[in-house]
Every structure is written in structure tokens, then in C-alpha cells.
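Trainee: File name work35.cif; file contents mmCIF, C-alpha atoms; full text below.
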data_my_file
loop_
_atom_site.label_atom_id
_atom_site.label_comp_id
_atom_site.auth_asym_id
_atom_site.auth_seq_id
_atom_site.Cartn_x
_atom_site.Cartn_y
_atom_site.Cartn_z
CA MET A 711 149.62 -2.20 65.27
CA LYS A 712 152.59 -4.03 66.80
CA THR A 713 151.54 -7.04 68.86
CA TYR A 714 153.37 -9.29 71.28
CA ARG A 715 152.71 -12.51 73.07
CA ALA A 716 153.32 -12.89 76.80
CA SER A 717 155.88 -15.51 77.75
CA THR A 718 154.47 -19.02 77.94
CA GLU A 719 156.47 -19.44 81.15
CA LEU A 720 153.90 -17.40 83.04
CA VAL A 721 151.89 -19.71 85.30
CA GLY A 722 149.00 -19.81 87.75
CA SER A 723 148.16 -16.51 89.39
CA GLN A 724 150.60 -14.73 87.04
CA TRP A 725 148.19 -15.46 84.20
CA ASP A 726 145.15 -14.76 86.36
CA PHE A 727 146.58 -11.36 87.24
CA ILE A 728 147.20 -10.41 83.63
CA LYS A 729 143.89 -11.74 82.29
CA ASP A 730 141.64 -10.15 84.94
CA ASP A 731 140.61 -6.83 83.43
CA GLN A 732 137.29 -6.48 85.25
CA THR A 733 138.38 -6.05 88.87
CA LYS A 734 138.85 -2.39 89.75
CA PHE A 735 141.35 -2.92 92.59
CA LEU A 736 143.49 -5.95 91.73
CA HIS A 737 146.47 -7.07 93.84
CA LEU A 738 149.02 -9.86 93.46
CA SER A 739 150.46 -10.88 96.84
CA ALA A 740 153.49 -13.05 96.17
CA GLY A 741 156.64 -14.40 97.73
CA TYR A 742 160.22 -13.62 96.80
CA GLY A 743 161.24 -15.00 93.43
CA PHE A 744 157.67 -15.44 92.18
CA GLY A 745 158.24 -12.99 89.33
CA LYS A 746 155.71 -10.45 90.55
CA THR A 747 157.57 -7.44 89.08
CA ARG A 748 157.87 -9.12 85.69
CA THR A 749 154.19 -10.05 85.86
CA LEU A 750 153.33 -6.43 86.68
CA CYS A 751 155.27 -5.31 83.60
CA TYR A 752 153.20 -7.61 81.42
CA LYS A 753 150.11 -6.18 83.08
CA ILE A 754 151.19 -2.64 82.21
CA LEU A 755 151.64 -3.59 78.55
CA ASP A 756 148.24 -5.26 78.51
CA LEU A 757 146.47 -2.30 80.11
CA SER A 758 148.19 0.17 77.78
CA LYS A 759 146.76 -1.72 74.79
CA LYS A 760 143.29 -2.17 76.20
CA ASN A 761 143.01 1.50 77.16
CA PHE A 762 144.11 2.86 73.77
CA PRO A 763 144.68 5.77 73.23
CA HIS A 764 144.76 6.96 76.85
CA PRO A 765 147.74 7.36 79.21
CA GLY A 766 148.33 5.43 82.39
CA GLY A 767 150.51 5.53 85.46
CA LEU A 768 153.15 3.38 87.14
CA VAL A 769 153.76 4.09 90.83
CA VAL A 770 156.92 2.91 92.59
CA PRO A 771 158.24 3.37 96.15
CA SER A 772 161.18 5.42 94.82
CA TYR A 773 163.04 6.05 91.59
CA THR A 774 165.98 4.11 93.01
CA ASP A 775 163.76 1.06 93.45
CA PHE A 776 162.36 1.61 89.97
CA SER A 777 165.83 1.72 88.38
CA ARG A 778 166.85 -1.51 90.08
CA ASP A 779 163.60 -3.40 89.60
CA VAL A 780 160.79 -2.44 87.24
CA LYS A 781 162.95 -0.61 84.71
CA VAL A 782 165.23 -3.61 84.34
CA ALA A 783 162.36 -6.12 84.06
CA MET A 784 160.50 -3.94 81.56
CA ALA A 785 163.59 -3.58 79.35
CA GLU A 786 164.13 -7.35 79.39
CA ILE A 787 160.55 -8.07 78.33
CA LEU A 788 160.51 -5.44 75.58
CA ASP A 789 163.85 -6.66 74.22
CA GLU A 790 162.70 -10.30 74.32
CA HIS A 791 159.66 -9.42 72.23
CA ARG A 792 161.60 -7.01 70.02
CA ILE A 793 159.26 -4.16 70.84
CA LYS A 794 160.51 -0.69 70.00
CA TYR A 795 159.72 1.76 72.75
CA GLN A 796 160.69 5.10 74.18
CA TYR A 797 161.65 5.87 77.76
CA HIS A 798 162.24 9.48 78.75
CA GLY A 799 164.59 9.44 81.73
CA GLY A 800 164.12 13.10 82.63
CA GLU A 801 160.33 13.14 82.56
CA HIS A 802 159.95 9.47 83.52
CA TRP A 803 157.54 8.07 80.95
CA TYR A 804 157.25 5.13 78.58
CA LYS A 805 155.74 5.16 75.10
CA PHE A 806 154.87 1.92 73.32
CA PRO A 807 154.25 1.55 69.54
CA TRP A 808 150.60 0.50 69.80
CA THR A 809 149.29 3.63 71.55
CA PRO A 810 149.97 7.37 71.78
CA GLY A 811 149.12 7.18 75.48
CA ARG A 812 152.21 7.33 77.66
CA VAL A 813 152.81 5.47 80.90
CA TYR A 814 153.99 7.99 83.49
CA VAL A 815 156.27 6.79 86.30
CA ALA A 816 155.57 8.41 89.67
CA THR A 817 157.25 7.89 93.01
CA ALA A 818 155.33 7.43 96.26
CA GLU A 819 157.91 9.51 98.12
CA LYS A 820 155.73 12.58 97.64
CA GLN A 821 152.17 13.46 96.73
CA ILE A 822 151.20 12.01 93.37
CA ARG A 823 150.35 14.74 90.91
CA GLY A 824 150.20 15.09 87.16
CA PRO A 825 147.85 14.12 84.33
CA ASN A 826 144.76 12.03 84.79
CA TRP A 827 145.15 8.36 83.96
CA ALA A 828 143.02 5.64 82.40
CA TYR A 829 144.70 2.95 84.52
CA ALA A 830 147.53 2.50 87.01
CA ALA A 831 150.02 -0.12 88.14
CA ILE A 832 151.82 -0.12 91.50
CA ASN A 833 155.02 -1.99 92.29
CA GLU A 834 155.72 -3.17 95.87
CA LEU A 835 152.38 -1.95 97.16
CA THR A 836 153.08 -2.70 100.82
CA LEU A 837 156.04 -0.31 100.76
CA ILE A 838 153.84 2.70 100.02
CA SER A 839 151.25 4.36 102.24
CA LEU A 840 147.51 3.94 102.03
CA GLU A 841 147.32 7.69 101.47
CA ARG A 842 149.34 7.31 98.26
CA TYR A 843 147.15 4.42 97.16
CA ARG A 844 144.08 6.61 97.57
CA GLU A 845 145.79 9.32 95.51
CA VAL A 846 146.41 6.79 92.74
CA ALA A 847 142.75 5.81 92.82
CA GLY A 848 141.88 9.48 92.49
CA ARG A 849 144.04 9.86 89.36
CA VAL A 850 142.39 6.97 87.46
CA ARG A 851 139.46 8.97 86.19
CA LEU A 852 139.77 9.49 82.44
CA LYS A 853 136.41 9.36 80.71
CA GLY A 854 136.29 6.73 78.02
CA ALA A 855 138.81 4.37 79.58
CA LYS A 856 137.82 0.79 78.73
CA ASN A 857 139.62 -0.84 81.66
CA PRO A 858 140.12 1.74 84.44
CA GLN A 859 141.98 -0.71 86.63
CA ILE A 860 144.46 -0.24 89.47
CA ALA A 861 146.73 -3.28 89.47
CA SER A 862 149.39 -3.76 92.15
CA SER A 863 151.87 -6.37 93.27
CA GLY A 864 154.08 -6.86 96.29
CA THR A 865 155.29 -9.08 99.11
CA PRO A 866 152.92 -9.07 102.12
CA GLU A 867 154.04 -7.29 105.26
CA GLY A 868 151.63 -8.84 107.76
CA VAL A 869 148.01 -8.53 108.84
CA ALA A 870 148.76 -5.20 110.50
CA SER A 871 149.11 -3.69 107.02
CA ALA A 872 146.35 -1.31 105.93
CA PHE A 873 146.31 -3.18 102.62
CA TYR A 874 145.38 -6.42 104.35
CA GLU A 875 142.25 -4.66 105.58
CA ILE A 876 141.17 -3.28 102.19
CA PHE A 877 141.89 -6.48 100.26
CA VAL A 878 141.04 -9.22 102.77
CA GLU A 879 139.51 -8.21 106.10
CA LYS A 880 137.09 -5.53 104.88
CA PRO A 881 137.64 -5.63 101.12
CA TRP A 882 136.76 -2.65 99.02
CA GLU A 883 134.00 -3.13 96.50
CA ASN A 884 135.24 -4.79 93.31
CA SER A 885 138.61 -5.73 94.78
CA ARG A 886 140.52 -8.99 94.50
CA CYS A 887 143.71 -10.38 96.00
CA LEU A 888 145.59 -13.15 94.17
CA TYR A 889 148.35 -15.19 95.82
CA GLY A 890 151.60 -16.25 94.21
CA ASP A 891 153.71 -19.09 95.61
CA THR A 892 157.43 -18.91 94.82
CA ARG A 893 157.45 -22.66 94.20
CA ASP A 894 155.18 -22.19 91.19
CA ASN A 895 158.02 -20.29 89.54
CA LEU A 896 160.80 -22.81 90.10
CA HIS A 897 161.49 -23.12 86.38
CA ASN A 898 162.72 -19.50 86.41
CA LEU A 899 164.81 -19.76 89.60
CA GLU A 900 168.22 -20.99 90.57
CA PRO A 901 168.25 -24.47 92.18
CA GLY A 902 168.22 -24.18 95.93
CA TYR A 903 166.63 -20.70 96.01
CA VAL A 904 163.49 -21.77 97.87
CA LYS A 905 165.47 -23.84 100.36
CA ALA A 906 167.68 -20.84 101.04
CA ILE A 907 164.63 -18.72 101.84
CA MET A 908 163.13 -21.44 104.04
CA ASP A 909 166.43 -21.79 105.91
CA SER A 910 166.78 -18.04 106.37
CA TYR A 911 163.40 -17.22 107.90
CA PRO A 912 161.18 -18.59 110.66
CA ALA A 913 158.00 -20.39 109.63
CA ALA A 914 155.74 -17.35 109.82
CA LEU A 915 157.96 -15.30 107.55
CA ALA A 916 158.41 -18.20 105.16
CA ASP A 917 154.62 -18.25 104.76
CA ALA A 918 154.82 -14.62 103.66
CA TYR A 919 158.02 -14.74 101.62
CA ILE A 920 157.32 -18.07 99.89
CA ARG A 921 153.53 -18.40 99.78
CA GLY A 922 152.62 -14.73 99.63
CA LEU A 923 150.28 -14.99 102.64
CA TRP A 924 149.28 -12.11 104.90
CA VAL A 925 150.37 -13.55 108.23
CA ASN A 926 151.22 -12.37 111.70
CA MET A 927 154.92 -11.74 111.26
CA ALA A 928 155.71 -12.17 114.95
CA GLY A 929 155.38 -15.92 115.42
CA ASN A 930 154.13 -19.35 114.38
CA ARG A 931 150.67 -19.72 112.86
CA PHE A 932 148.18 -21.87 114.72
CA TYR A 933 146.51 -22.80 111.43
CA PHE A 934 149.71 -23.66 109.59
CA SER A 935 147.99 -25.77 106.91
CA TYR A 936 145.51 -23.11 105.84
CA ASP A 937 146.49 -21.86 102.39
CA PRO A 938 144.13 -19.43 100.61
CA LYS A 939 145.32 -20.75 97.27
CA GLN A 940 144.21 -24.28 98.18
CA ASN A 941 141.47 -23.74 100.77
CA ASP A 942 139.59 -20.67 99.54
CA ARG A 943 136.57 -21.40 97.39
CA VAL A 944 133.54 -19.37 96.39
CA THR A 945 130.56 -21.44 97.51
CA GLU A 946 126.98 -20.30 97.04
CA ILE A 947 124.37 -21.19 99.64
CA GLN A 948 122.31 -24.11 98.38
CA PRO A 949 118.56 -23.75 98.93
CA TYR A 950 116.89 -26.31 101.17
CA GLU A 951 120.25 -27.54 102.47
CA THR A 952 120.97 -27.50 106.19
CA LEU A 953 123.10 -24.61 107.44
CA HIS A 954 125.63 -25.08 110.23
CA VAL A 955 126.64 -22.08 112.34
CA SER A 956 129.82 -22.15 114.42
CA MET A 957 129.75 -19.75 117.37
CA ASP A 958 132.09 -18.23 119.91
CA LEU A 959 130.08 -16.54 122.66
CA ASN A 960 132.35 -13.58 123.26
CA VAL A 961 130.61 -10.33 124.18
CA ASP A 962 132.60 -8.10 121.81
CA PRO A 963 133.02 -9.25 119.14
CA PHE A 964 130.42 -12.04 119.04
CA CYS A 965 131.50 -14.14 116.04
CA THR A 966 129.67 -16.76 114.02
CA ALA A 967 130.49 -18.44 110.71
CA VAL A 968 127.97 -20.13 108.44
CA TRP A 969 128.72 -23.43 106.73
CA GLN A 970 127.24 -26.13 104.55
CA VAL A 971 128.27 -29.78 104.42
CA ALA A 972 128.60 -31.76 101.18
CA ASN A 973 130.31 -35.10 100.56
CA GLY A 974 131.90 -35.05 103.97
CA LYS A 975 133.45 -31.61 103.44
CA LEU A 976 132.80 -28.25 105.11
CA TYR A 977 132.14 -25.19 102.97
CA ASN A 978 132.09 -21.76 104.58
CA VAL A 979 129.47 -19.50 102.96
CA ASP A 980 129.13 -16.47 105.27
CA GLU A 981 129.80 -14.97 108.67
CA VAL A 982 127.82 -12.78 111.06
CA VAL A 983 129.74 -10.64 113.55
CA LEU A 984 128.34 -8.31 116.20
CA GLU A 985 130.68 -5.65 117.54
CA GLY A 986 130.49 -2.66 119.84
CA GLY A 987 128.65 -4.50 122.61
CA GLU A 988 125.84 -5.77 120.38
CA GLY A 989 126.83 -9.32 121.25
CA TYR A 990 126.10 -8.87 124.92
CA LYS A 991 122.82 -10.67 124.48
CA THR A 992 122.55 -13.92 122.59
CA GLU A 993 119.12 -12.83 121.37
CA ASN A 994 120.82 -10.10 119.32
CA MET A 995 122.85 -12.68 117.43
CA LEU A 996 119.85 -14.94 116.92
CA ASN A 997 117.93 -12.00 115.47
CA ALA A 998 120.87 -11.16 113.20
CA LEU A 999 121.01 -14.75 111.97
CA LYS A 1000 117.29 -14.81 111.26
CA ALA A 1001 117.57 -11.50 109.38
CA ARG A 1002 120.12 -13.13 107.06
CA GLY A 1003 117.77 -16.05 106.44
CA TYR A 1004 119.47 -18.48 108.81
CA THR A 1005 116.24 -19.51 110.46
CA PRO A 1006 115.60 -22.35 112.93
CA ASP A 1007 113.90 -24.55 110.33
CA ARG A 1008 117.15 -25.01 108.39
CA THR A 1009 119.96 -24.06 110.78
CA ILE A 1010 121.94 -25.95 113.44
CA LEU A 1011 124.00 -24.00 115.99
CA TYR A 1012 127.39 -25.12 117.35
CA PRO A 1013 128.26 -22.85 120.28
CA ASP A 1014 131.31 -23.23 122.48
CA PRO A 1015 130.80 -25.37 125.60
CA ALA A 1016 130.59 -22.20 127.71
CA ALA A 1017 127.10 -21.76 126.27
CA LYS A 1018 125.83 -24.28 128.81
CA ALA A 1019 126.77 -21.92 131.59
CA ARG A 1020 126.98 -18.45 130.05
CA ASN A 1021 124.03 -16.38 131.13
CA THR A 1022 122.52 -13.41 129.32
CA ARG A 1023 119.05 -13.14 130.83
CA GLY A 1024 118.91 -15.58 133.69
CA ALA A 1025 119.03 -18.71 131.52
CA PRO A 1026 122.01 -20.46 129.93
CA ASP A 1027 122.62 -19.52 126.29
CA VAL A 1028 121.88 -23.05 125.09
CA GLN A 1029 118.42 -22.70 126.58
CA VAL A 1030 117.96 -19.29 124.91
CA MET A 1031 118.88 -20.82 121.56
CA ARG A 1032 116.60 -23.79 122.10
CA GLU A 1033 113.66 -21.58 123.07
CA ALA A 1034 114.22 -19.63 119.84
CA GLY A 1035 113.58 -22.89 117.98
CA TYR A 1036 117.15 -23.81 117.00
CA GLU A 1037 118.76 -27.21 117.19
CA VAL A 1038 121.93 -26.90 119.25
CA ARG A 1039 124.90 -29.27 119.22
CA VAL A 1040 127.55 -28.74 121.87
CA LYS A 1041 130.06 -30.83 123.80
CA ASN A 1042 130.43 -30.76 127.55
CA VAL A 1043 134.04 -29.55 127.35
CA ALA A 1044 136.17 -27.99 124.65
CA PRO A 1045 138.88 -30.15 123.08
CA ARG A 1046 142.47 -29.44 124.05
CA PHE A 1047 144.21 -26.78 121.94
CA ARG A 1048 146.79 -29.18 120.54
CA GLU A 1049 144.07 -31.62 119.53
CA ARG A 1050 142.10 -28.82 117.91
CA GLN A 1051 145.19 -27.61 116.06
CA LEU A 1052 146.11 -31.01 114.67
CA ASN A 1053 142.54 -31.85 113.72
CA VAL A 1054 141.72 -28.63 111.86
CA ASN A 1055 145.08 -28.39 110.12
CA ASN A 1056 144.72 -31.99 109.00
CA ARG A 1057 141.32 -31.14 107.48
CA PHE A 1058 142.77 -28.13 105.66
CA ASP A 1059 145.68 -30.19 104.41
CA LYS A 1060 143.32 -32.88 103.06
CA HIS A 1061 141.08 -30.27 101.39
CA GLN A 1062 138.10 -31.04 103.60
CA ILE A 1063 137.50 -27.46 104.75
CA PHE A 1064 136.97 -24.55 102.36
CA ILE A 1065 136.68 -20.85 103.23
CA HIS A 1066 134.77 -18.27 101.23
CA PRO A 1067 137.42 -15.78 100.03
CA THR A 1068 135.37 -12.61 100.61
CA LYS A 1069 132.36 -13.28 102.82
CA SER A 1070 134.21 -14.27 106.01
CA PRO A 1071 137.01 -11.71 106.56
CA LYS A 1072 137.01 -12.15 110.35
CA LEU A 1073 137.54 -15.90 110.05
CA LYS A 1074 140.18 -15.52 107.34
CA LYS A 1075 142.16 -13.07 109.45
CA ASP A 1076 142.15 -15.57 112.32
CA LEU A 1077 143.38 -18.36 110.08
CA LEU A 1078 146.28 -16.24 108.89
CA ALA A 1079 147.16 -14.38 112.08
CA VAL A 1080 146.47 -16.47 115.20
CA GLU A 1081 149.72 -17.66 116.77
CA THR A 1082 150.67 -20.66 118.86
CA ASP A 1083 152.24 -20.21 122.28
CA PRO A 1084 155.52 -22.17 121.96
CA ILE A 1085 155.41 -23.23 125.62
CA THR A 1086 151.78 -24.20 126.19
CA GLY A 1087 150.76 -24.99 122.59
CA GLU A 1088 147.63 -22.87 123.09
CA LYS A 1089 146.40 -19.95 121.01
CA ILE A 1090 147.92 -16.61 121.97
CA LYS A 1091 144.99 -14.39 122.92
CA LYS A 1092 146.64 -11.02 123.52
CA ASN A 1093 144.81 -9.43 120.60
CA MET A 1094 141.17 -9.04 121.59
CA ASN A 1095 140.09 -9.00 117.94
CA LEU A 1096 141.59 -12.40 117.16
CA THR A 1097 140.75 -16.08 117.89
CA HIS A 1098 136.98 -15.73 118.41
CA SER A 1099 135.78 -16.73 114.95
CA SER A 1100 138.30 -19.56 114.65
CA ASP A 1101 137.45 -20.85 118.14
CA GLY A 1102 133.88 -21.33 117.00
CA MET A 1103 135.08 -23.17 113.90
CA ASP A 1104 137.23 -25.46 116.07
CA TYR A 1105 134.26 -26.45 118.24
CA MET A 1106 132.09 -27.29 115.24
CA VAL A 1107 134.84 -29.24 113.43
CA ASP A 1108 135.42 -31.21 116.63
CA ILE A 1109 131.80 -32.39 116.45
CA LEU A 1110 131.40 -32.90 112.70
CA MET A 1111 134.94 -34.16 112.04
CA PRO A 1112 136.28 -35.42 115.36
CA PHE A 1113 140.02 -35.82 115.87
CA ALA A 1114 141.11 -39.44 115.30
CA ASN A 1115 137.43 -40.43 115.61
CA HIS A 1116 137.33 -39.37 119.26
CA LYS A 1117 133.57 -39.00 119.41
CA SER A 1118 132.91 -37.75 122.91
CA GLN A 1119 129.37 -37.10 124.02
CA VAL A 1120 127.52 -34.34 122.20
CA SER A 1121 124.49 -32.66 123.70
CA THR A 1122 121.81 -32.04 121.08
CA THR A 1123 118.80 -29.94 121.93
CA GLY A 1124 116.10 -28.27 119.94
CA LEU A 1125 112.72 -28.53 118.35
CA ARG A 1126 113.02 -29.56 114.73
#
So that I can check it, write out the structure of this file as C-alpha cells.
Mentor:
Amino acid sequence: MKTYRASTELVGSQWDFIKDDQTKFLHLSAGYGFGKTRTLCYKILDLSKKNFPHPGGLVVPSYTDFSRDVKVAMAEILDEHRIKYQYHGGEHWYKFPWTPGRVYVATAEKQIRGPNWAYAAINELTLISLERYREVAGRVRLKGAKNPQIASSGTPEGVASAFYEIFVEKPWENSRCLYGDTRDNLHNLEPGYVKAIMDSYPAALADAYIRGLWVNMAGNRFYFSYDPKQNDRVTEIQPYETLHVSMDLNVDPFCTAVWQVANGKLYNVDEVVLEGGEGYKTENMLNALKARGYTPDRTILYPDPAAKARNTRGAPDVQVMREAGYEVRVKNVAPRFRERQLNVNNRFDKHQIFIHPTKSPKLKKDLLAVETDPITGEKIKKNMNLTHSSDGMDYMVDILMPFANHKSQVSTTGLR
């Protein structure tokens, strides 16, 4: 059987994308010039070998895009490795020497029909509809396939995208999103390419088109230093260690995030969110926390300063929390937005705050999407589903990691 070796110039998440053959729904979100199409071509070759002798599928936005993009990259790779192959232009399929299974090229311009597949690859995912993506998932159903994977790549088109929801905010089971930064691929780019992109787009778009981040495309990010590639980390809850819960006491949604502290760093391990009016009473959140195992004997709460006045049953929320047995740490007033912004971004930049990549989708969406008002410097709060989880994080960070060591008075209450 003819073999080939992927180019040694592949780096970082390019390799991770090719080597991951266990994730069912795998996506590479990358900036311009990262080499995502070329990486996808290598992925197709890899999947075609691993799923011998079965056929697979390649889905593209249109045949025009395919002719200008994937077809060119695939031909370059096959020629570089001196691999003899067939491509049928009329029926749109590839055949490689190591398998009888063809790779069928389908366009997302119309309903995807045809033979069942053992695997599928999708180029420029964010340019196709979620309906087409579901159709692709429905086609990958051949019995006996060893790696029935759906691998996609593309440049992010903002947190409003349906694909942001299924890969980040409310990820599908056995899904994974990798991020590719254009700067990791500088050895394959013309000098000055990245600078040209940075000069051509505002900061928010540069985050998407250079770093591959799902961001709010309309303005400047409040959390400009948060980078999933650097600040996301899978952290398991350590038994017997104290848990810290950041809280924003909004009625709907009522958002909390769960953290642990180690070596002066904050590690996010979970979040609990009540929606649909469930957060009207603080008791509901306390019960939800206890149900997850975040009990008063090992948990400290960090509500926003409004908790001293907010009333759910005739008593301030701080009192409700204290009577439930929790230790509560809260300042008298919230720090100014600009101070909060500088402090938290500094902590992200210095790798002192880490976010769980899958267990806190509400918090992650905030970190990528919340914008800064250019006039006031405050968070823009027009979207009722944003800012709540990150507000709670800000309050807690202000206590545990105060800005420039500004340690204003903290009220601590509870029975421990």
C-alpha cells in the first residue's frame, strides 16, 4: 500500500487536528493564512486510510470555491508526495491508491444526497448552513467504519453563528473546537502578511481573522487578553480543596462559575446557570449548587455587591447565603469597569486565570463577545444574555487578585 508522510511544516493545532481521530465532531477554527484548507486536505487523506475500504465525503460551499481552494491545495499535496490519484471532474470524486473507497465532493448549495459515507470533511464550515451540517452528520453512517468522524475547518464568523453554539456555548456530545493562530504559520507566509491583516481590520475582526476566535464582530472585546489557546485548560475538581463560586445576582439568567485556587492562580472547573426565571430566588441557586456537590463546608461565595441590598424573601441575599451555611466574601462597592478590565486582562495575559474549555460555555461566550463602550469604557449591556457570568468573575478576581494591590474592605460572613 502506498504511504506518505505529512509535511513536517505542520505545527500546533494543525497536527492536533490531523491526529485526533476519536472526536466525532471536530472543528478547526483558524485565521486567514493559517493553512486550514491544506490541513483539511491532510485530514481527508488520513481519514481515507483509516476508514479503508469505505468511501467518504468532502463538503464545500460551492464548486467554484472548491476549484479555487481545496482542489488546488489537494493537488499540491499529492504532487509533493508523488501520490498517484484519480479525480473525476464530472462526477466529482477522488480515488487514492491505498483504498477503493472514493471521496465524493458535494456542494452545500443544495440538499446533500448520494451514497452513505464512513467519514466526512467540510471546508469553510461557517459559510454553510446548520441544516447542511446536520445532513452531513446523517450521511456518516456506514457500518464498520473505524473512524466515523466529521472534520471541518473555517474562519469564525462571530458568536451569532449557529456553529459557535454547537462547538462552544452548548457543545454537542463528543465535539471539539481547535484554534489556529495565523502567526503560528509564519514560515509558510509572505513577510508582512500578518501586519497587513492587522492594519486592514479593527481589533475585533483581527481576533477572528488572525487568532481564529469566535468574537462579537461588531466592536472591541472587553476581555481582549483572553485567548482560548493560552487560557483554556481542562482542570478536574480536586477533592477536599476549597471551591470558590463567583456570582452575578441577575434574575434571568442567574449565573455562577466555580473555581479552585492553586499556586496563586485561578482555575475554572464548572458553572451553574439558572434560566427561565429560576434565578428569581437565591435559594434556588443555593439548592442547585448543593446538588452539584458545592456544599457550605467546602465552598465560598463571591456575589456582586448588590447582594447586600438585593431582596428575595425579605432579607438581603448575603443574609440568605449566610443562613444557608455559606461563607460569603463581598465588597461594599463594585470596582470601576476600567479597573476591572485592566485587572482581569492582566491576569489572563500573565496566565493566572484558566477557563475550562467545555464546562463553562456561558462564561466563555462572555469572554469572547462582551464589548467595551468606546465612550464610557464600560461593558455594553444591550444583549440580555451577556455580561452576567463575567461580571461575577470580575467581582471575585477583584477580591482574590486585587488591581495594583488595591485591597479595599471585604465583608466576610458565614459559619465555617
Trainee: Compile the contact shell of A:Val1080 as an MDAnalysis selection string: residues with an atom at most 10 Å away, counting only C-alpha atoms, same-chain residues fewer than 2 positions apart removed.
Mentor: chainID A and resid 925:926 929:934 1075:1078 1082:1083 1089:1093 1096:1097 1100
Trainee: Using only C-alpha atoms, which residue out of A:Asn826, A:Thr809, A:Thr952, A:Thr817 lies closest to A:Pro771?
Mentor: A:Thr817
Trainee: Suppose a student applies the PyMOL selection byres ((chain A and resi 1051) around 10) to this structure; what residues should they get, written as a VMD selection string?
Mentor: chain A and resid 932 to 935 1045 to 1050 1052 to 1056 1082 1087 to 1089 1104 1113
Trainee: Would you please work out which residue, of A:Glu951, A:Asp942, A:Asp789, A:Asp1108, is nearest to A:Phe1064 when using all atoms listed in the file?
Mentor: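 Ranking A:Glu951, A:Asp942, A:Asp789, A:Asp1108 by distance to A:Phe1064, first place goes to A:Asp942.
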Trainee: With only C-alpha atoms as the atoms that count, which of A:Glu946, A:Asp891, A:Asp909, A:Glu786 lies nearest to A:Tyr977?
Mentor: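 That would be A:Glu946, the residue with the smallest distance to A:Tyr977.
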Trainee: Please expand the PyMOL selection byres ((chain A and resi 852-866) around 9) into the concrete residues it hits in this file, giving the result as an MDAnalysis selection string.
Mentor: chainID A and resid 727 731:742 746:747 749:750 753:754 757 760:765 826:837 846:847 849:851 867:869 871 873:874 918:919 922:925
Trainee: Which residues would end up in the selection if the PyMOL selection byres ((chain A and resi 993-1007) around 6) were applied here, given that I need the answer as an mmCIF file with C-alpha atoms, keeping the file's coordinate frame?
Mentor:
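Ended up saving to part-v8.cif:
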data_model
loop_
_atom_site.group_PDB
_atom_site.id
_atom_site.type_symbol
_atom_site.label_atom_id
_atom_site.label_comp_id
_atom_site.auth_asym_id
_atom_site.auth_seq_id
_atom_site.Cartn_x
_atom_site.Cartn_y
_atom_site.Cartn_z
ATOM 1 C CA LYS A 991 122.820 -10.670 124.480
ATOM 2 C CA THR A 992 122.550 -13.920 122.590
ATOM 3 C CA ARG A 1008 117.150 -25.010 108.390
ATOM 4 C CA THR A 1009 119.960 -24.060 110.780
ATOM 5 C CA GLY A 1035 113.580 -22.890 117.980
ATOM 6 C CA TYR A 1036 117.150 -23.810 117.000
#
Trainee: For each of A:Ala916, A:Leu888, A:Val979, A:Ile838, take the minimum atom-to-atom distance to A:Trp725, counting all atoms listed in the file, then give the residue where this is smallest.
Mentor: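 Comparing A:Ala916, A:Leu888, A:Val979, A:Ile838 against A:Trp725, the winner is A:Leu888.
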Trainee: Between atom CA of A:Pro963 and atom CA of A:Val944, what is the distance in Å, rounded to a tenth?
Mentor: 24.9 Å
Trainee: To one decimal place in Å, what is the distance between atom CA of A:Arg823 and atom CA of A:Ser772?
Mentor: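 Computing the Euclidean distance for atom CA of A:Arg823 and atom CA of A:Ser772 yields 14.8 Å.
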Trainee: Please indicate the distance in Å from atom CA of A:Asn978 to atom CA of A:Val878, rounded to one decimal place.
Mentor: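 Spanning atom CA of A:Asn978 to atom CA of A:Val878 is a straight-line distance of 15.5 Å.
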Trainee: Excluding same-chain residues fewer than 5 positions from A:Lys805, what lies within 10 Å of it counting only C-alpha atoms, as a list in words?
Mentor: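 Here the answer would be Ser758, Pro765, Lys794, Tyr795, Gln796, Tyr797, His798, Pro810, Gly811, Arg812, Val813 and Tyr814 of chain A.
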